[in-house]
Amino acid sequence: MDIKILYEDNFIIVAEKPPKMPVQKDKTNDLDLLSILKEKLSREHKVRNPYIGLIHRLDRPVGGAILYAKTKPANAFLSKELQDRNIDKKYLAVVCGKPETDQGVFIDKLLKIGSKNMSVVKDTKDAKEAVLEYKLIETTTTEEYGPLSLLEIDLRTGRHHQIRVQMSHHGLPLWGDTKYNNEFANKTGWSQIALWSYKLSFGHPKTKEILNFISNPYDEYPWNLFSQLTTNSEQ
């Protein structure tokens, strides 16, 4: 399977993860991105077991830019940068409804429920602070779903299902989300969640140069409802 590579050198790979694909091997044993990239490196460099390390995660339904390290020192550096919140991750999301303000910050306490593979907003001692900033890009009206809004989301923390949980909690559930959007919970068939890893910015582990990458969503519903995205795809 061909994977779009946004950037690669001796230290890192920035790839575009297809929606529905796991970032690494999981209990489903479905084809995963890390295994594909590992096979690519093995074939190109004629190395039996090349090193590749996952720096951050994307939920399986989510597509877009993702960062892997090709050496253990690069992995250590970038993992520390992630922990120190020096890796800037921005997402595009289509939500049902329209936010009350054009931009804002949501701060909540999230509790992960492992048995259900879900998280909830709950202020308990085991809950972790979750912070995100959103900016409204465009709103359109649809016959079936009413108003849909395209948001840019700046993820300040990296909690389990964070964007999906917080947006739903604040009355703006993601289009296509069968876990946190009641509109889609009982729908038959597949609805691809409208969440995309749009921008990545970080310091290179060797040169320390700040690198910036952009990945645009596929030209499909509901992304193609928004003129801002269709204009970008034509440029």
# chains A, B, ... in the order shown; residues from 1 in each chain; ligands from 1

$ residues_around --residues "A:Leu155" --least-positions-apart "3" --cutoff "9 Å" --atoms "only C-alpha atoms" --output "ChimeraX atom specification"
/A:88-91,130-134,158,162-163

$ select_by_dssp --residues "stretch 29-136 of chain A" --states "strand (DSSP E or B)" --output "MDAnalysis selection string"
chainID A and resid 53:54 63:69 88:96 103:113 118:121 128:136

$ residues_around --residues "A:His170" --least-positions-apart "6" --cutoff "12 Å" --atoms "only C-alpha atoms" --output "list in words"
Val95, Cys96, Gly97, Lys98, Pro99, Glu100, Gly104, Val105, Phe106, Ile107, Asp108, Val121, Leu132, Tyr134, Ile163, Arg164, Tyr180 and Asn181 of chain A

$ closest_atom_pairs --of "stretch 16-123 of chain A" --to "stretch 3-10 of chain A" --cutoff "10 Å" --atoms "only C-alpha atoms" --output "CSV"
residue,atom,partner,partner_atom,distance
A:Glu16,CA,A:Lys4,CA,5.4
A:Lys17,CA,A:Ile3,CA,7.4
A:Pro18,CA,A:Ile3,CA,7.9
A:Leu33,CA,A:Ile3,CA,8.3
A:Ile36,CA,A:Ile3,CA,8.1
A:Leu37,CA,A:Ile3,CA,8.2
A:Lys40,CA,A:Ile3,CA,9.7
A:Gly64,CA,A:Lys4,CA,9.8
A:Ala65,CA,A:Leu6,CA,7.9
A:Ile66,CA,A:Leu6,CA,9.4
A:Leu67,CA,A:Tyr7,CA,9.5
A:Tyr68,CA,A:Glu8,CA,9.6
A:Ala69,CA,A:Asn10,CA,9.0
A:Lys70,CA,A:Asn10,CA,6.7
A:Thr71,CA,A:Asn10,CA,8.0
A:Ala74,CA,A:Asn10,CA,9.7

$ select_by_dssp --residues "stretch 78-169 of chain A" --states "alpha helix (DSSP H)" --output "ChimeraX atom specification"
/A:78-83,162-169

$ residues_around --residues "A:Ala194" --least-positions-apart "2" --cutoff "12 Å" --atoms "only C-alpha atoms" --output "VMD selection string"
chain A and resid 19 to 20 59 61 to 64 91 to 96 148 to 152 163 to 164 173 to 178 181 191 to 192 196 to 198 217 to 225

$ write_last_selection --atoms "N, CA and C atoms" --output "compact mmCIF listing (two decimals), in the first residue's frame"
# COMPACT_ATOMS: atom_id res chain seq x y z
N PRO A 19 -7.22 7.44 7.00
CA PRO A 19 -8.27 7.13 7.98
C PRO A 19 -8.54 5.63 8.02
N LYS A 20 -8.97 5.14 9.17
CA LYS A 20 -9.32 3.74 9.42
C LYS A 20 -8.11 2.86 9.70
N ASP A 59 -6.13 8.56 16.72
CA ASP A 59 -7.18 7.55 16.78
C ASP A 59 -7.31 6.88 15.42
N PRO A 61 -9.79 6.13 13.44
CA PRO A 61 -10.60 6.76 12.38
C PRO A 61 -10.01 8.05 11.83
N VAL A 62 -9.00 8.61 12.49
CA VAL A 62 -8.47 9.94 12.14
C VAL A 62 -7.35 9.81 11.11
N GLY A 63 -7.36 10.68 10.10
CA GLY A 63 -6.29 10.72 9.12
C GLY A 63 -5.42 11.94 9.31
N GLY A 64 -4.30 11.98 8.55
CA GLY A 64 -3.47 13.17 8.53
C GLY A 64 -2.04 12.96 8.97
N TYR A 91 -5.51 20.45 14.35
CA TYR A 91 -6.45 19.56 13.67
C TYR A 91 -7.53 20.36 12.99
N LEU A 92 -8.12 19.78 11.95
CA LEU A 92 -9.35 20.29 11.38
C LEU A 92 -10.47 19.35 11.79
N ALA A 93 -11.61 19.91 12.13
CA ALA A 93 -12.76 19.11 12.54
C ALA A 93 -14.03 19.72 11.98
N VAL A 94 -14.94 18.85 11.57
CA VAL A 94 -16.30 19.29 11.22
C VAL A 94 -17.21 18.88 12.36
N VAL A 95 -17.86 19.87 12.98
CA VAL A 95 -18.73 19.61 14.11
C VAL A 95 -20.17 19.93 13.75
N CYS A 96 -21.09 19.27 14.43
CA CYS A 96 -22.52 19.55 14.26
C CYS A 96 -22.87 20.75 15.13
N LEU A 148 -23.29 22.84 10.04
CA LEU A 148 -22.02 22.16 10.26
C LEU A 148 -20.92 23.20 10.22
N SER A 149 -19.97 23.10 11.16
CA SER A 149 -18.91 24.09 11.26
C SER A 149 -17.54 23.45 11.10
N LEU A 150 -16.70 24.12 10.34
CA LEU A 150 -15.30 23.71 10.18
C LEU A 150 -14.46 24.47 11.19
N LEU A 151 -13.77 23.73 12.06
CA LEU A 151 -12.95 24.33 13.10
C LEU A 151 -11.49 23.94 12.94
N GLU A 152 -10.60 24.86 13.31
CA GLU A 152 -9.20 24.52 13.53
C GLU A 152 -9.01 24.35 15.03
N ILE A 163 -10.25 15.44 21.71
CA ILE A 163 -11.04 16.36 20.89
C ILE A 163 -12.49 15.89 20.80
N ARG A 164 -12.67 14.61 20.59
CA ARG A 164 -14.00 14.05 20.42
C ARG A 164 -14.84 14.23 21.69
N PRO A 173 -20.55 18.08 18.87
CA PRO A 173 -20.00 16.74 18.56
C PRO A 173 -19.50 16.66 17.12
N LEU A 174 -18.48 15.85 16.92
CA LEU A 174 -17.91 15.70 15.59
C LEU A 174 -18.84 14.93 14.65
N TRP A 175 -18.90 15.40 13.42
CA TRP A 175 -19.67 14.69 12.40
C TRP A 175 -19.07 13.30 12.21
N GLY A 176 -19.95 12.29 12.19
CA GLY A 176 -19.50 10.93 11.93
C GLY A 176 -19.01 10.16 13.13
N ASP A 177 -19.00 10.77 14.30
CA ASP A 177 -18.46 10.12 15.50
C ASP A 177 -19.52 9.24 16.15
N THR A 178 -19.36 7.92 16.01
CA THR A 178 -20.37 6.99 16.54
C THR A 178 -20.25 6.78 18.04
N ASN A 181 -21.25 11.20 19.38
CA ASN A 181 -22.29 12.00 18.72
C ASN A 181 -23.55 11.15 18.61
N SER A 191 -19.59 5.64 8.87
CA SER A 191 -19.50 7.09 8.73
C SER A 191 -18.10 7.50 9.17
N GLN A 192 -17.31 8.02 8.27
CA GLN A 192 -15.95 8.41 8.59
C GLN A 192 -15.95 9.68 9.44
N TRP A 196 -9.10 15.53 11.32
CA TRP A 196 -7.91 15.38 10.49
C TRP A 196 -6.72 16.08 11.15
N SER A 197 -5.61 15.37 11.23
CA SER A 197 -4.36 15.94 11.72
C SER A 197 -3.78 16.84 10.63
N TYR A 198 -3.94 18.13 10.81
CA TYR A 198 -3.77 19.12 9.74
C TYR A 198 -2.38 19.74 9.70
N PRO A 217 -7.38 17.35 4.31
CA PRO A 217 -8.33 16.24 4.23
C PRO A 217 -8.64 15.85 2.80
N TYR A 218 -9.12 14.62 2.64
CA TYR A 218 -9.53 14.14 1.32
C TYR A 218 -10.70 14.98 0.80
N ASP A 219 -10.82 15.02 -0.52
CA ASP A 219 -11.91 15.76 -1.17
C ASP A 219 -13.17 14.89 -1.15
N GLU A 220 -13.81 14.86 0.00
CA GLU A 220 -15.02 14.05 0.17
C GLU A 220 -15.91 14.69 1.23
N TYR A 221 -17.14 14.21 1.30
CA TYR A 221 -18.10 14.73 2.27
C TYR A 221 -17.66 14.35 3.69
N PRO A 222 -17.76 15.26 4.68
CA PRO A 222 -18.32 16.62 4.62
C PRO A 222 -17.27 17.71 4.36
N TRP A 223 -15.98 17.30 4.19
CA TRP A 223 -14.92 18.30 4.00
C TRP A 223 -15.20 19.19 2.80
N ASN A 224 -15.74 18.57 1.72
CA ASN A 224 -15.92 19.34 0.48
C ASN A 224 -17.12 20.29 0.51
N LEU A 225 -17.78 20.39 1.66
CA LEU A 225 -18.84 21.38 1.82
C LEU A 225 -18.27 22.78 2.05

$ atom_distance --atom1 "atom CA of A:Leu211" --atom2 "atom CA of A:Thr157"
20.1 Å

$ closest_residue --among "A:Phe11, A:Ser119, A:Arg159, A:Asn182" --to "A:Leu58" --atoms "only C-alpha atoms"
A:Arg159
